[in-house]
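Colleague: Before I ask anything, here is the structure I am working with.
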Amino acid sequence: MNLNTFKMKSSKTLTIIVLVFVGFFTIGIIGKSMLTSGYKQSVVSMTKELTSEQRFINIADLQTLITSGNQYLLVDVRDTVAYKSGRLPNAVNMPISELFSDDYADIREADAAVKVLYADTEAEAVKALVMLMHEGYTSFIALTGNYSIAKGSLFDAQNPAEWYSNDEKMRYNYKSLFKVGPSTEAPHVAADKVVDISNKPRGGC
Amino acid sequence: MGPLIPTGIVGMEWDLFFAFFIGIAFGYVLEQAGFSSSRKLAGVFYGYDFVVLRVFFTAAITAMTGLLLMNHLGMIDISLVYINPTFLWSAIVGGAIMGVGFILGGFCPGTSVTAAAIGKIDAWAFLLGIAIGILIFGEAYPMFEALYYGSSLGPILVFESLGISAGWFAFILIAVALAAFGITAAIEQKVNKENALEDTKGMSYTLPVSVALLVGVMLIFIPYDRLTSINELPKSTFNEVVASNKHYITPDEVAYKLIYDYHPIVLVDVRSTADFNDFTLPGSINIPAEQIASRVWEKQLSNKEQKVVLYSNGTVLAEKAWMMAVRLGYENVYVLKGGLNGFFDNLVNNPKPNTYKMEANSAYAFRERVRKIFKEGKADLVTKKQSTAPTVSPKSEVKVASRGGC
Amino acid sequence: METKSKYLNPYIAGVLLGLVLLGAIYISGRGLGASGAFKDVVTATLSKVAPDHVAETPYWASRVSQSEHPLKSWLALEVLGVLIGGFISGAISGRLKITVDKGPRITSATRIVFAILGGILFGLGAQLGRGCTSGAALSGMAVLSSAGFITMMAIFGTGYLVAYFFRKLWI
């Protein structure tokens with residue numbers, strides 16, 4: 001083959017490969033950014049933070065925080081009616097339905113290093129936390145347990161037993177309440193058989 | 001979507017088939033690049049031919065860029081890709097030994113195979129040497145064991161070790177490679193007066209270089225974390241769904257399913273595997289909340305026919321997993337209201353209603369029955385179909401996901 | 001007069017190789033490799049030749065105890081592909097020839113001896129370093145693993161350090 005034609009060809013080949021490669025991904029990225037609107041944190045890092053301790057504070061630690069003299073802000077995300085009828089001392093109100101309204105901008109932007117979210121249930125506080133994290137607010141954490149436990153143990157009765165309470169605490173010995181009877185022996189055998197069948201095609205080449 | 005085989009999109013039985021064809025492509029490209037010639041390979045150390053450096057770096061950068069972009073576009077789940085674990089000293093010492101072997105033998109294992117394929121006798125000798133080397137290692141293994149397993153750092157990533165983002169690292173690597181290509185080209189021209197750069201002549205590199213730099217700059221802005229699939233819910237829709245509170249399933253509905261296997265529900269235990277093994281509702285599968293975003297579970301979570309009900313001890317953990325699942329675009333995912341605590345509350349504290357309303361009374365009667373069945377353990381509540389679920393799917397998937405090694 | 005190049009432009013080859021590697025990662029969730037296949041071959045041969053010895057030596061025993069035949073592995077099949085791919089390429093480009101590649105100042109016998117020596121070192125090093133230039137360095141770099149970069153730097157760093165002493169072999 002003539003050397004020059006070969007060189008021309010290879011030059012074109014490289015250009016085409018690179019362009020196809022780049023074009024494919026450019027279209028993908030543009031398409032993607034049009035289809036999804038910007039979360040400030042990826043699912044992976046959100047999941048990591050939500051399943052670790054770093055974004056949560058229990059009642060014992062909250063008490064330490066309160067007595068430590070560090071800057072903090074208690075944020076009540078229940079609705080205004082509930083807030084008015086009772087709240088943790090010094091808590092401010094930012095209803096979960098209006099987290100991003102202009103009325104509460106000063107709470108969202110407040111200087112306090114730690115802003116503790118609480119609600120009637122832990123799940124509700126976590127919801128608010130997630131929405132705030134998605135918007136890029138990083139100073140919020142959520143209270144484990146809930147408003148009534150926090151109020152009862154921290155500010156009223158001071159019952160230390162409740163300090164570490166949280167929603168995920170096992171409240172029953174599940175196993176003792178849920179006996180698996182003799183009639184379930186048979187299904188276990190069936191399960192093994194199914195495993196066998198599903199493994200069969202794996203061996204082949 | 002990908003990687004196709006670990007996610008189960010393509011059956012495991014195709015794995016070796018693809019291995020063979022990937023190998024053919026690998027061998028073909030190596031030979032076409034001139035890697036079948038030990039003199040060309042060794043040239044990189046003496047400055048007369050830098051083909052190894054060019055091919056090696058271009059390939060690493062291409063694959064790395066492609067992987068980062070695929071990851072960004074949600075085409076591949078990087079957590080299922082085999083990442084070489086780092087054992088610091090064995091990597092350094094092993095690499096050093098290989099470096100000397102490279103100079104002496106003029107090949108590396110992959111290239112020696114292609115050279116052997118086209119009839120290079122020295123390559124066959126090199127292959128024989130490799131076999132002897134492996135034999136020596138196997139026999140003297142106890143001697144190497146401490147070094148082999150010493151200073152294990154796990155599958156760490158280079159940009160994390162350096163404390164920079166993946167995008168910046170990729171950009172720097174591309175820039176360094178382009179600079180190296182330029183410098184080595186100049187060296188080659190000095191050292192090898194007769195036929196320097198014979199492979200790379202004859203084309204303009206302005207466009208490829210500028211495209212490579214452009215891609216590098218683009219990579220800086222691309223986060224490494226999985227940014228979900230194309231199905232990711234827009235933020236406003238996500239907030240609406242989360243606020244609407246329509247995602248709860250009552251304990252009664254779950255109890256009904258357990259007794260009659262009537263309601264089309266898939267139960268997903270999002271607690272840790274240890275908790276799952278200790279106790280779980282019959283027929284549940286285990287997807288620990290930390291793994292909710294992994295593509296391994298895509299099939300289970302995107303079930304369209306049956307409601308996928310997440311539960312934990314309370315509501316919170318399931319709620320967290322649920323929110324991530326919603327954001328990932330799974331549409332048919334629910335949360336067991338109150339979790340296991342709520343489920344048993346419902347049965348243990350079942351107050352007799354003080355009313356003549358039929359609804360309340362029948363609910364009471366139902367719970368009483370459920371409680372009796374569960375407590376006495378005489379129910380046929382576990383049907384065959386249900387109890388297979390936890391044993392089959394998670395185990396086989398996990399086995400696939402943890403493959404790899406050289 | 002320009003000398004004729006027999007080979008593909010290395011940058012094109014690099015992009016193609018990168019795409020092959022990307023394909024392997026996308027399909028099988030793992031990078032390319034080579035040295036692992038030789039381990040499988042050695043294990044298989046050894047378990048045929050000296051099954052007793054294999055059973056006694058922990059390193060080999062751990063490899064044959066699996067129910068699958070050692071050669072029925074991803075890497076073994078892939079390297080078989082490399083052999084065939086190399087042959088096809090050589091045949092297309094007219095490079096099939098029984099020959100010895102060597103530097104101008106040494107004899108073929110010397111070259112063979114050093115090739116074997118180099119092979120031994122590479123075999124040993126690849127076991128210790130958990131993969132060779134392709135398995136550890138190239139694939140490791142593609143997935144941004146620290147091990148990939150460390151191995152790569154160790155191989156080429158040492159290569160440059162000792163290159164001077166063995167220059168007679170190549171130039």
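Ordered as shown in the structure tokens, chains take letters A, B, and onward, while each chain numbers its residues from 1 and ligands are numbered from 1 in the order shown.
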Please report, as a ChimeraX atom specification, each residue of region 72-190 of chain B to which DSSP assigns helix (DSSP H, G or I) when run on this structure's backbone.
Modeller: /B:72,78-80,88-105,109-117,121-139,141-149,158-162,166-190
Colleague: Taking the DSSP assignment computed from this structure's backbone, write out as a ChimeraX atom specification all residues of region 29-126 of chain A that belong to strand (DSSP E).
Modeller: /A:56-57,72-76,92-93,114-118
Colleague: Leaving out region 144-148 of chain C and any residue of its chain fewer than 4 positions from it, which residues lie within 6 Å of it when counting only C-alpha atoms, given as a list in words?
Modeller: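 Returned residues: Thr86, Ile156, Leu157 and Val158 of chain B; Ala136, Ala137 and Gly140 of chain C.
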Colleague: Counting only C-alpha atoms, what is within 12 Å of Arg95 (chain C), bar same-chain residues fewer than 5 positions away, as a VMD selection string?
Modeller: (chain B and resid 31 to 32 34 36 to 37 114 to 120) or (chain C and resid 6 to 7 86 to 90)
Colleague: What does the structure give for the distance between CA of Leu22 (chain C) and CA of Ala44 (chain C), in Å to one decimal?
Modeller: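 If I compute the distance from CA of Leu22 (chain C) to CA of Ala44 (chain C), I get 29.6 Å.
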Colleague: Would you list the contacts of region 153-156 of chain C as a ChimeraX atom specification, taking every protein, DNA or RNA residue within 6 Å and counting only C-alpha atoms, but skipping same-chain residues closer than 6 positions in sequence?
Modeller: /B:92,95-96,98-99
